[in-house]
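Dropping data.json in here (JSON, C-alpha atoms):
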[["chain", "number", "residue", "atom", "x", "y", "z"],
["A", 1464, "LYS", "CA", -23.80, 16.47, 15.28],
["A", 1465, "SER", "CA", -23.24, 15.29, 11.73],
["A", 1466, "LEU", "CA", -19.70, 14.76, 10.50],
["A", 1467, "GLU", "CA", -20.14, 17.76, 8.20],
["A", 1468, "SER", "CA", -20.85, 20.10, 11.10],
["A", 1469, "LYS", "CA", -17.89, 19.08, 13.24],
["A", 1470, "PRO", "CA", -14.99, 21.52, 13.35],
["A", 1471, "MET", "CA", -12.00, 19.41, 12.35],
["A", 1472, "THR", "CA", -9.11, 20.18, 14.63],
["A", 1473, "ARG", "CA", -8.12, 16.50, 14.71],
["A", 1474, "GLN", "CA", -5.53, 15.15, 12.36],
["A", 1475, "THR", "CA", -6.90, 13.04, 9.53],
["A", 1476, "ILE", "CA", -5.84, 10.05, 7.45],
["A", 1477, "PHE", "CA", -7.47, 8.63, 4.32],
["A", 1478, "ILE", "CA", -6.72, 4.96, 3.58],
["A", 1479, "THR", "CA", -7.50, 2.91, 0.48],
["A", 1480, "GLY", "CA", -7.76, -0.85, 0.82],
["A", 1481, "ALA", "CA", -8.89, -0.17, 4.38],
["A", 1482, "ALA", "CA", -11.29, -3.06, 4.93],
["A", 1483, "SER", "CA", -8.64, -5.65, 5.75],
["A", 1484, "GLY", "CA", -4.94, -6.31, 6.29],
["A", 1485, "ILE", "CA", -2.55, -3.37, 6.42],
["A", 1486, "GLY", "CA", -5.27, -0.80, 5.72],
["A", 1487, "ARG", "CA", -7.52, -2.02, 8.51],
["A", 1488, "ALA", "CA", -4.63, -2.23, 10.99],
["A", 1489, "THR", "CA", -3.63, 1.34, 10.11],
["A", 1490, "ALA", "CA", -7.18, 2.62, 10.52],
["A", 1491, "LEU", "CA", -7.44, 1.05, 13.98],
["A", 1492, "GLN", "CA", -4.05, 2.36, 15.10],
["A", 1493, "PHE", "CA", -4.63, 5.93, 13.96],
["A", 1494, "HIS", "CA", -8.14, 6.02, 15.40],
["A", 1495, "ALA", "CA", -6.65, 4.90, 18.71],
["A", 1496, "ARG", "CA", -4.27, 7.87, 18.44],
["A", 1497, "GLY", "CA", -7.27, 10.20, 18.15],
["A", 1498, "TRP", "CA", -7.13, 10.77, 14.40],
["A", 1499, "PHE", "CA", -10.17, 11.06, 12.16],
["A", 1500, "VAL", "CA", -10.06, 8.13, 9.73],
["A", 1501, "GLY", "CA", -11.29, 7.96, 6.15],
["A", 1502, "ALA", "CA", -11.54, 4.38, 4.93],
["A", 1503, "ALA", "CA", -12.24, 3.22, 1.37],
["A", 1504, "ASP", "CA", -12.45, -0.23, -0.21],
["A", 1505, "VAL", "CA", -14.42, -2.36, -2.66],
["A", 1506, "ASP", "CA", -15.23, -4.68, 0.26],
["A", 1507, "GLN", "CA", -18.37, -3.03, 1.64],
["A", 1508, "ALA", "CA", -18.95, -5.72, 4.25],
["A", 1509, "GLY", "CA", -15.41, -5.28, 5.56],
["A", 1510, "LEU", "CA", -15.90, -1.51, 5.67],
["A", 1511, "ASP", "CA", -19.09, -1.96, 7.68],
["A", 1512, "VAL", "CA", -17.24, -4.07, 10.25],
["A", 1513, "LEU", "CA", -14.43, -1.52, 10.43],
["A", 1514, "LYS", "CA", -16.92, 1.30, 10.89],
["A", 1515, "GLY", "CA", -18.36, -0.48, 13.92],
["A", 1516, "ASP", "CA", -14.88, -1.10, 15.31],
["A", 1517, "LEU", "CA", -14.20, 2.63, 14.98],
["A", 1518, "ASP", "CA", -17.40, 3.42, 16.91],
["A", 1519, "ASN", "CA", -18.86, 5.03, 13.76],
["A", 1520, "ASP", "CA", -16.34, 7.84, 14.30],
["A", 1521, "CYS", "CA", -14.99, 7.78, 10.76],
["A", 1522, "PHE", "CA", -15.72, 8.31, 7.08],
["A", 1523, "THR", "CA", -16.18, 5.22, 4.91],
["A", 1524, "ALA", "CA", -16.78, 4.88, 1.19],
["A", 1525, "PHE", "CA", -17.08, 2.10, -1.35],
["A", 1526, "LEU", "CA", -14.35, 2.88, -3.88],
["A", 1527, "ASP", "CA", -12.78, 1.23, -6.88],
["A", 1528, "VAL", "CA", -9.46, 3.10, -7.02],
["A", 1529, "THR", "CA", -9.28, 2.62, -10.80],
["A", 1530, "ASP", "CA", -12.37, 4.84, -11.23],
["A", 1531, "LYS", "CA", -10.98, 8.38, -11.27],
["A", 1532, "ALA", "CA", -14.36, 10.12, -11.28],
["A", 1533, "ALA", "CA", -15.45, 8.08, -8.28],
["A", 1534, "PHE", "CA", -12.17, 8.82, -6.49],
["A", 1535, "ASP", "CA", -12.63, 12.54, -7.12],
["A", 1536, "GLN", "CA", -16.10, 12.47, -5.62],
["A", 1537, "VAL", "CA", -15.05, 10.43, -2.60],
["A", 1538, "MET", "CA", -12.31, 12.92, -1.81],
["A", 1539, "ILE", "CA", -14.75, 15.82, -2.13],
["A", 1540, "ASP", "CA", -17.01, 14.04, 0.35],
["A", 1541, "PHE", "CA", -14.12, 13.19, 2.66],
["A", 1542, "GLY", "CA", -12.91, 16.79, 2.54],
["A", 1543, "THR", "CA", -16.32, 17.94, 3.70],
["A", 1544, "ALA", "CA", -16.35, 15.39, 6.54],
["A", 1545, "ALA", "CA", -12.76, 16.16, 7.53],
["A", 1546, "GLY", "CA", -12.92, 19.93, 7.53],
["A", 1547, "GLN", "CA", -10.82, 20.12, 4.33],
["A", 1548, "ARG", "CA", -7.88, 18.58, 6.17],
["A", 1549, "LEU", "CA", -5.74, 15.59, 5.07],
["A", 1550, "ASP", "CA", -2.62, 14.92, 7.12],
["A", 1551, "ILE", "CA", -1.89, 11.52, 5.55],
["A", 1552, "LEU", "CA", -3.05, 10.05, 2.26],
["A", 1553, "PHE", "CA", -2.31, 6.32, 2.47],
["A", 1554, "ASN", "CA", -2.42, 4.75, -1.00],
["A", 1555, "ASN", "CA", -2.60, 1.15, 0.20],
["A", 1556, "ALA", "CA", -5.05, -0.66, -2.11],
["A", 1557, "GLY", "CA", -3.39, -3.33, -4.22],
["A", 1558, "ILE", "CA", -3.88, -6.72, -5.82],
["A", 1559, "ALA", "CA", -1.47, -9.55, -6.55],
["A", 1560, "VAL", "CA", -1.48, -11.96, -9.49],
["A", 1561, "PHE", "CA", 1.04, -14.79, -9.45],
["A", 1562, "GLY", "CA", 2.38, -16.70, -12.43],
["A", 1563, "PHE", "CA", 4.80, -16.33, -15.33],
["A", 1564, "LEU", "CA", 3.91, -13.34, -17.50],
["A", 1565, "ASP", "CA", 3.24, -15.52, -20.56],
["A", 1566, "GLU", "CA", 0.94, -17.80, -18.54],
["A", 1567, "VAL", "CA", -1.21, -15.13, -16.85],
["A", 1568, "PRO", "CA", -4.34, -13.94, -18.73],
["A", 1569, "PHE", "CA", -3.45, -10.50, -20.03],
["A", 1570, "GLU", "CA", -6.57, -8.90, -18.58],
["A", 1571, "LYS", "CA", -5.25, -9.89, -15.14],
["A", 1572, "THR", "CA", -1.94, -8.23, -15.96],
["A", 1573, "LEU", "CA", -3.71, -5.01, -16.92],
["A", 1574, "ALA", "CA", -5.87, -5.16, -13.78],
["A", 1575, "THR", "CA", -2.71, -5.31, -11.67],
["A", 1576, "VAL", "CA", -1.36, -2.17, -13.35],
["A", 1577, "ASN", "CA", -4.69, -0.39, -13.04],
["A", 1578, "VAL", "CA", -5.10, -1.03, -9.31],
["A", 1579, "ASN", "CA", -1.48, -0.86, -8.13],
["A", 1580, "LEU", "CA", -0.25, 2.06, -10.21],
["A", 1581, "ILE", "CA", -3.12, 3.91, -11.88],
["A", 1582, "GLY", "CA", -5.07, 3.67, -8.63],
["A", 1583, "VAL", "CA", -2.22, 5.39, -6.79],
["A", 1584, "LEU", "CA", -2.03, 8.14, -9.42],
["A", 1585, "ASN", "CA", -5.79, 8.58, -9.17],
["A", 1586, "GLY", "CA", -5.53, 8.89, -5.40],
["A", 1587, "ILE", "CA", -2.79, 11.48, -5.43],
["A", 1588, "HIS", "CA", -4.47, 13.56, -8.11],
["A", 1589, "ALA", "CA", -7.85, 13.42, -6.38],
["A", 1590, "SER", "CA", -6.38, 14.31, -2.98],
["A", 1591, "ILE", "CA", -3.64, 16.77, -3.78],
["A", 1592, "HIS", "CA", -5.80, 19.84, -3.12],
["A", 1593, "LEU", "CA", -6.22, 18.67, 0.47],
["A", 1594, "LEU", "CA", -2.53, 17.77, 0.89],
["A", 1595, "LYS", "CA", -1.53, 21.21, -0.37],
["A", 1596, "GLN", "CA", -3.53, 23.03, 2.29],
["A", 1597, "THR", "CA", -2.65, 20.77, 5.26],
["A", 1598, "PRO", "CA", 0.62, 21.67, 7.00],
["A", 1599, "ASN", "CA", 3.25, 18.89, 6.94],
["A", 1600, "ALA", "CA", 0.93, 16.53, 5.03],
["A", 1601, "LEU", "CA", 2.29, 13.14, 3.95],
["A", 1602, "CYS", "CA", 1.51, 11.23, 0.76],
["A", 1603, "PHE", "CA", 2.30, 7.63, 1.73],
["A", 1604, "THR", "CA", 2.11, 4.56, -0.52],
["A", 1605, "THR", "CA", 2.50, 0.81, -0.12],
["A", 1606, "SER", "CA", 5.28, -0.53, -2.32],
["A", 1607, "SER", "CA", 6.68, -4.03, -1.71],
["A", 1608, "SER", "CA", 9.82, -6.04, -1.11],
["A", 1609, "ALA", "CA", 9.05, -7.35, -4.62],
["A", 1610, "ALA", "CA", 10.30, -3.96, -5.83],
["A", 1611, "ASN", "CA", 13.82, -4.60, -4.56],
["A", 1612, "PHE", "CA", 14.55, -6.91, -7.47],
["A", 1613, "GLY", "CA", 11.86, -7.89, -9.97],
["A", 1614, "SER", "CA", 10.26, -11.06, -8.60],
["A", 1615, "PRO", "CA", 9.84, -13.93, -11.09],
["A", 1616, "GLY", "CA", 6.27, -15.14, -11.01],
["A", 1617, "MET", "CA", 5.17, -11.64, -9.99],
["A", 1618, "ALA", "CA", 6.64, -9.59, -12.83],
["A", 1619, "THR", "CA", 3.81, -7.08, -13.25],
["A", 1620, "TYR", "CA", 3.25, -6.74, -9.52],
["A", 1621, "SER", "CA", 6.97, -6.02, -9.10],
["A", 1622, "ALA", "CA", 6.90, -3.48, -11.92],
["A", 1623, "THR", "CA", 4.03, -1.55, -10.35],
["A", 1624, "LYS", "CA", 5.78, -1.47, -7.01],
["A", 1625, "VAL", "CA", 9.04, -0.23, -8.57],
["A", 1626, "ALA", "CA", 6.98, 2.47, -10.27],
["A", 1627, "VAL", "CA", 5.46, 3.45, -6.93],
["A", 1628, "LYS", "CA", 8.93, 4.06, -5.49],
["A", 1629, "GLY", "CA", 9.88, 6.26, -8.44],
["A", 1630, "LEU", "CA", 6.62, 8.15, -8.11],
["A", 1631, "THR", "CA", 7.28, 8.67, -4.41],
["A", 1632, "GLU", "CA", 10.71, 10.11, -5.13],
["A", 1633, "ALA", "CA", 9.35, 12.57, -7.68],
["A", 1634, "MET", "CA", 6.40, 13.56, -5.49],
["A", 1635, "SER", "CA", 8.69, 14.12, -2.50],
["A", 1636, "VAL", "CA", 10.24, 16.96, -4.49],
["A", 1637, "GLU", "CA", 7.06, 18.26, -6.13],
["A", 1638, "LEU", "CA", 5.05, 18.34, -2.88],
["A", 1639, "ALA", "CA", 7.82, 20.26, -1.12],
["A", 1640, "ARG", "CA", 6.49, 23.33, -2.96],
["A", 1641, "PHE", "CA", 3.56, 23.21, -0.55],
["A", 1642, "GLY", "CA", 5.35, 22.05, 2.59],
["A", 1643, "ALA", "CA", 4.07, 18.49, 2.07],
["A", 1644, "ARG", "CA", 6.02, 15.24, 1.86],
["A", 1645, "ALA", "CA", 5.99, 11.79, 0.24],
["A", 1646, "ALA", "CA", 7.26, 8.39, 1.39],
["A", 1647, "ASP", "CA", 6.55, 4.70, 0.85],
["A", 1648, "VAL", "CA", 6.91, 1.36, 2.60],
["A", 1649, "SER", "CA", 8.18, -1.92, 1.19],
["A", 1650, "PRO", "CA", 6.72, -4.72, 3.31],
["A", 1651, "GLY", "CA", 8.09, -8.24, 3.18],
["A", 1652, "ILE", "CA", 5.84, -11.21, 4.01],
["A", 1653, "ILE", "CA", 2.89, -9.76, 5.90],
["A", 1654, "ASP", "CA", 0.05, -11.93, 7.22],
["A", 1655, "THR", "CA", -2.87, -10.37, 5.34],
["A", 1656, "PRO", "CA", -5.83, -11.64, 3.24],
["A", 1657, "LEU", "CA", -3.83, -10.79, 0.09],
["A", 1658, "TRP", "CA", -2.63, -14.39, 0.06],
["A", 1659, "GLN", "CA", -6.21, -15.68, 0.07],
["A", 1660, "THR", "CA", -7.65, -13.13, -2.36],
["A", 1661, "GLY", "CA", -4.78, -13.09, -4.86],
["A", 1662, "ALA", "CA", -4.84, -15.06, -8.10],
["A", 1663, "ARG", "CA", -2.31, -17.57, -9.44],
["A", 1664, "PHE", "CA", -2.11, -18.99, -12.93],
["A", 1665, "VAL", "CA", -0.18, -21.90, -14.40],
["A", 1666, "ARG", "CA", -0.38, -22.14, -18.20],
["A", 1667, "GLY", "CA", -3.47, -19.93, -18.11],
["A", 1668, "GLU", "CA", -5.33, -22.06, -15.55],
["A", 1669, "SER", "CA", -6.25, -20.74, -12.10],
["A", 1670, "ARG", "CA", -4.48, -22.45, -9.20],
["A", 1671, "PRO", "CA", -4.45, -21.93, -5.41],
["A", 1672, "VAL", "CA", -2.07, -19.24, -4.14],
["A", 1673, "TRP", "CA", 0.75, -20.37, -1.88],
["A", 1674, "ASN", "CA", 0.22, -19.46, 1.77],
["A", 1675, "LEU", "CA", 3.57, -17.69, 2.14],
["A", 1676, "PRO", "CA", 2.83, -16.30, 5.63],
["A", 1677, "ALA", "CA", 2.36, -19.85, 6.91],
["A", 1678, "LEU", "CA", 5.36, -21.18, 4.98],
["A", 1679, "ASN", "CA", 7.64, -18.44, 6.36],
["A", 1680, "HIS", "CA", 6.27, -18.34, 9.89],
["A", 1681, "ASP", "CA", 9.36, -19.88, 11.50],
["A", 1682, "ARG", "CA", 11.94, -17.84, 9.61],
["A", 1683, "GLU", "CA", 13.99, -15.22, 11.44],
["A", 1684, "ASP", "CA", 15.53, -13.37, 8.48],
["A", 1685, "ALA", "CA", 14.08, -10.68, 6.21],
["A", 1686, "GLY", "CA", 11.62, -13.24, 4.83],
["A", 1687, "ARG", "CA", 9.92, -13.85, 8.17],
["A", 1688, "THR", "CA", 6.18, -13.40, 8.51],
["A", 1689, "LEU", "CA", 5.04, -10.25, 10.30],
["A", 1690, "PRO", "CA", 1.60, -8.96, 11.33],
["A", 1691, "ALA", "CA", -0.11, -6.08, 9.53],
["A", 1692, "ASP", "CA", 0.24, -4.02, 12.71],
["A", 1693, "ASP", "CA", 3.98, -3.73, 12.05],
["A", 1694, "VAL", "CA", 3.32, -1.92, 8.78],
["A", 1695, "ALA", "CA", 0.69, 0.28, 10.42],
["A", 1696, "GLU", "CA", 3.30, 1.31, 12.99],
["A", 1697, "CYS", "CA", 5.60, 2.18, 10.09],
["A", 1698, "VAL", "CA", 2.99, 4.60, 8.71],
["A", 1699, "TRP", "CA", 3.20, 6.50, 12.00],
["A", 1700, "ALA", "CA", 7.00, 6.36, 11.97],
["A", 1701, "ALA", "CA", 6.99, 7.81, 8.45],
["A", 1702, "TYR", "CA", 4.69, 10.65, 9.49],
["A", 1703, "ILE", "CA", 6.95, 11.75, 12.33],
["A", 1704, "GLY", "CA", 10.16, 10.83, 10.46],
["A", 1705, "GLU", "CA", 12.05, 12.05, 7.43],
["A", 1706, "LYS", "CA", 12.99, 8.91, 5.46],
["A", 1707, "LEU", "CA", 11.80, 8.46, 1.91],
["A", 1708, "HIS", "CA", 11.71, 4.66, 1.68],
["A", 1709, "TRP", "CA", 10.71, 2.48, 4.64],
["A", 1710, "TYR", "CA", 11.10, -1.29, 4.97],
["A", 1711, "VAL", "CA", 9.24, -3.84, 7.12],
["A", 1712, "PRO", "CA", 11.20, -5.59, 8.47],
["A", 1713, "PRO", "CA", 14.14, -3.19, 8.21],
["A", 1714, "GLU", "CA", 16.42, -5.91, 6.80],
["A", 1715, "VAL", "CA", 14.43, -5.88, 3.54],
["A", 1716, "VAL", "CA", 16.59, -2.93, 2.48],
["A", 1717, "GLU", "CA", 19.64, -5.18, 2.20],
["A", 1718, "ARG", "CA", 18.40, -6.63, -1.07],
["A", 1719, "ASP", "CA", 18.04, -3.12, -2.43],
["A", 1720, "LYS", "CA", 21.68, -2.53, -1.59],
["A", 1721, "ALA", "CA", 22.76, -5.86, -3.09],
["A", 1722, "LYS", "CA", 20.99, -5.08, -6.35],
["A", 1723, "ALA", "CA", 22.63, -1.68, -6.57],
["A", 1724, "LEU", "CA", 26.06, -3.28, -6.23],
["A", 1725, "ASN", "CA", 25.56, -6.27, -8.53],
["A", 1726, "PRO", "CA", 22.14, -6.84, -10.17],
["A", 1727, "GLU", "CA", 23.59, -9.54, -12.44],
["A", 1728, "LYS", "CA", 24.54, -11.63, -9.40],
["A", 1729, "LEU", "CA", 20.97, -11.55, -8.10],
["A", 1730, "ARG", "CA", 19.66, -12.37, -11.57],
["A", 1731, "ASP", "CA", 21.92, -15.39, -11.87],
["A", 1732, "GLN", "CA", 21.00, -16.63, -8.39],
["A", 1733, "LEU", "CA", 17.31, -16.50, -9.24],
["A", 1734, "ILE", "CA", 17.86, -18.28, -12.56],
["A", 1735, "ALA", "CA", 19.73, -21.04, -10.73],
["A", 1736, "GLN", "CA", 16.94, -21.39, -8.18],
["A", 1737, "GLN", "CA", 14.38, -21.60, -10.96],
["A", 1738, "LYS", "CA", 16.19, -24.57, -12.51],
["A", 1739, "LYS", "CA", 16.08, -26.62, -9.30]]

Can I see the file as structure tokens?
Amino acid sequence: KSLESKPMTRQTIFITGAASGIGRATALQFHARGWFVGAADVDQAGLDVLKGDLDNDCFTAFLDVTDKAAFDQVMIDFGTAAGQRLDILFNNAGIAVFGFLDEVPFEKTLATVNVNLIGVLNGIHASIHLLKQTPNALCFTTSSSAANFGSPGMATYSATKVAVKGLTEAMSVELARFGARAADVSPGIIDTPLWQTGARFVRGESRPVWNLPALNHDREDAGRTLPADDVAECVWAAYIGEKLHWYVPPEVVERDKAKALNPEKLRDQLIAQQKK
């Protein structure tokens, strides 16, 4: 049978940035749980590999999340394939640009905002008709530990991830009108291709990105390197749980608490580190 002709009694998840890293790990985990997976990315080759790994039992689509018209159409197509059901929307697609704000080409700054924030808004708006009609649906978004206190050298990235948390809080109230929910996750250092595909600029010139997962591999604190599977497991925990903000590892939340108590102290610590 075609996907369109299948009655959809299975639960469904739609994931952006699904071709690699956290998105791919989540797709594999939820498929293993018996869910119908929708996977979108700009990496068509990665999507093709994922489709094979899911035994072709999925929906895949090339998608630039900044293209609202394209997002709308993809969600119409996914809705048809999924029997008009969407249990989890996972807004996961994101990019990272490293460097001081005044040294990063401004078009790269705007691209970060467009993917990490506008892309999330596009996804929610394009999918909300499905979330509304699916009992106990969850709108879930990837934030970052960089949202706990604005990260120097990642100012715009941090800003978009702070915005995501505020959006989650508002949507958690708005979606309650339909019996749906919202939550987000703030991962720390996760071993994903983001560190290879990100961009870094020093005085406007492109430089290699630091391999933070390798540098932090032996740490045991909140800055330790974790696999993408740990975040994928958190998506499941969020679906069956009630918390608004999730952290991987859980200790990442401590910086949130420290900032709430004394943001000036964290600021001064970071300034001192910068001078070393």

Test item: residues at most 10 Å from Glu1668 in chain A, all atoms listed in the file, excluding those fewer than 2 positions along its chain, as a PyMOL selection string: chain A and resi 1562+1566-1568+1663-1666+1670

Residue neighbourhood range 1640-1651 of chain A, 7 Å, only C-alpha atoms, exclusion window fewer than 6 positions, as a list in words: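 With the cut-off at 7 Å, the set is Leu1594, Lys1595, Pro1598, Asn1599, Ala1600, Leu1601, Cys1602, Phe1603, Thr1604, Thr1605, Ser1606, Ser1607, Ser1608, Lys1628, Thr1631, Met1634, Gly1686, Leu1707, His1708, Trp1709, Tyr1710, Val1711, Pro1712 and Val1715 of chain A.
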
Please identify all polymer residues lying at most 10 Å from the point (1.6, -6.0, -13.1) (file coordinates), using all atoms listed in the file, and present the result as JSON, numbers by chain. {"A": [1558, 1559, 1560, 1561, 1564, 1569, 1571, 1572, 1573, 1574, 1575, 1576, 1577, 1578, 1579, 1580, 1617, 1618, 1619, 1620, 1621, 1622, 1623, 1624]}

What is the distance, in Å and to one decimal place, between CA of Leu1689 in chain A and CA of Ile1653 in chain A?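 One can read the CA of Leu1689 in chain A to CA of Ile1653 in chain A distance as 4.9 Å.
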
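Distance annotation: of A:Thr1660, A:Trp1673, A:Leu1513, A:Pro1615, the residue with the minimal separation from Leu1729 in chain A is A:Pro1615; atom set is only C-alpha atoms.
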
Which polymer residues have any atom within 7 Å of an atom of range 1583-1585 of chain A, counting only C-alpha atoms, with same-chain residues fewer than 5 positions away left out, as a tab-separated table (two decimals) with C-alpha atoms, in the frame of the given file?
chain	number	residue	atom	x	y	z
A	1528	VAL	CA	-9.46	3.10	-7.02
A	1531	LYS	CA	-10.98	8.38	-11.27
A	1534	PHE	CA	-12.17	8.82	-6.49
A	1554	ASN	CA	-2.42	4.75	-1.00

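Distance-wise, CA of Gly1629 in chain A and CA of Ala1610 in chain A end up 10.6 Å apart.
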
Please, what distance in Å, to one decimal, runs between CA of Asp1654 in chain A and CA of Gly1484 in chain A? 7.6 Å

Could I get range 1530-1553 of chain A rebuilt with N, CA and C atoms, written as a JSON list (two decimals), keeping the file's coordinate frame?
[["chain", "number", "residue", "atom", "x", "y", "z"],
["A", 1530, "ASP", "N", -11.32, 3.94, -10.71],
["A", 1530, "ASP", "CA", -12.37, 4.84, -11.23],
["A", 1530, "ASP", "C", -12.06, 6.26, -10.78],
["A", 1531, "LYS", "N", -11.44, 7.04, -11.65],
["A", 1531, "LYS", "CA", -10.98, 8.38, -11.27],
["A", 1531, "LYS", "C", -12.13, 9.29, -10.87],
["A", 1532, "ALA", "N", -13.23, 9.26, -11.62],
["A", 1532, "ALA", "CA", -14.36, 10.12, -11.28],
["A", 1532, "ALA", "C", -14.91, 9.78, -9.90],
["A", 1533, "ALA", "N", -14.97, 8.49, -9.59],
["A", 1533, "ALA", "CA", -15.45, 8.08, -8.28],
["A", 1533, "ALA", "C", -14.48, 8.52, -7.19],
["A", 1534, "PHE", "N", -13.19, 8.40, -7.46],
["A", 1534, "PHE", "CA", -12.17, 8.82, -6.49],
["A", 1534, "PHE", "C", -12.29, 10.32, -6.23],
["A", 1535, "ASP", "N", -12.46, 11.09, -7.27],
["A", 1535, "ASP", "CA", -12.63, 12.54, -7.12],
["A", 1535, "ASP", "C", -13.79, 12.87, -6.19],
["A", 1536, "GLN", "N", -14.92, 12.19, -6.42],
["A", 1536, "GLN", "CA", -16.10, 12.47, -5.62],
["A", 1536, "GLN", "C", -15.92, 12.05, -4.17],
["A", 1537, "VAL", "N", -15.30, 10.90, -3.96],
["A", 1537, "VAL", "CA", -15.05, 10.43, -2.60],
["A", 1537, "VAL", "C", -14.18, 11.42, -1.83],
["A", 1538, "MET", "N", -13.17, 11.97, -2.50],
["A", 1538, "MET", "CA", -12.31, 12.92, -1.81],
["A", 1538, "MET", "C", -13.00, 14.25, -1.56],
["A", 1539, "ILE", "N", -13.93, 14.63, -2.41],
["A", 1539, "ILE", "CA", -14.75, 15.82, -2.13],
["A", 1539, "ILE", "C", -15.59, 15.57, -0.88],
["A", 1540, "ASP", "N", -16.18, 14.38, -0.81],
["A", 1540, "ASP", "CA", -17.01, 14.04, 0.35],
["A", 1540, "ASP", "C", -16.17, 13.92, 1.63],
["A", 1541, "PHE", "N", -15.00, 13.31, 1.49],
["A", 1541, "PHE", "CA", -14.12, 13.19, 2.66],
["A", 1541, "PHE", "C", -13.67, 14.58, 3.12],
["A", 1542, "GLY", "N", -13.33, 15.44, 2.18],
["A", 1542, "GLY", "CA", -12.91, 16.79, 2.54],
["A", 1542, "GLY", "C", -13.97, 17.52, 3.35],
["A", 1543, "THR", "N", -15.22, 17.33, 2.95],
["A", 1543, "THR", "CA", -16.32, 17.94, 3.70],
["A", 1543, "THR", "C", -16.39, 17.37, 5.12],
["A", 1544, "ALA", "N", -16.27, 16.05, 5.23],
["A", 1544, "ALA", "CA", -16.35, 15.39, 6.54],
["A", 1544, "ALA", "C", -15.15, 15.72, 7.42],
["A", 1545, "ALA", "N", -14.01, 15.97, 6.79],
["A", 1545, "ALA", "CA", -12.76, 16.16, 7.53],
["A", 1545, "ALA", "C", -12.36, 17.62, 7.66],
["A", 1546, "GLY", "N", -13.26, 18.53, 7.39],
["A", 1546, "GLY", "CA", -12.92, 19.93, 7.53],
["A", 1546, "GLY", "C", -11.84, 20.39, 6.58],
["A", 1547, "GLN", "N", -11.81, 19.78, 5.37],
["A", 1547, "GLN", "CA", -10.82, 20.12, 4.33],
["A", 1547, "GLN", "C", -9.39, 19.90, 4.79],
["A", 1548, "ARG", "N", -9.21, 18.88, 5.64],
["A", 1548, "ARG", "CA", -7.88, 18.58, 6.17],
["A", 1548, "ARG", "C", -7.50, 17.14, 5.80],
["A", 1549, "LEU", "N", -6.25, 16.93, 5.36],
["A", 1549, "LEU", "CA", -5.74, 15.59, 5.07],
["A", 1549, "LEU", "C", -4.26, 15.55, 5.46],
["A", 1550, "ASP", "N", -4.00, 15.00, 6.64],
["A", 1550, "ASP", "CA", -2.62, 14.92, 7.12],
["A", 1550, "ASP", "C", -1.85, 13.77, 6.48],
["A", 1551, "ILE", "N", -2.53, 12.64, 6.23],
["A", 1551, "ILE", "CA", -1.89, 11.52, 5.55],
["A", 1551, "ILE", "C", -2.85, 10.93, 4.51],
["A", 1552, "LEU", "N", -2.40, 10.86, 3.28],
["A", 1552, "LEU", "CA", -3.05, 10.05, 2.26],
["A", 1552, "LEU", "C", -2.29, 8.73, 2.21],
["A", 1553, "PHE", "N", -2.97, 7.62, 2.49],
["A", 1553, "PHE", "CA", -2.31, 6.32, 2.47],
["A", 1553, "PHE", "C", -2.84, 5.52, 1.29]]
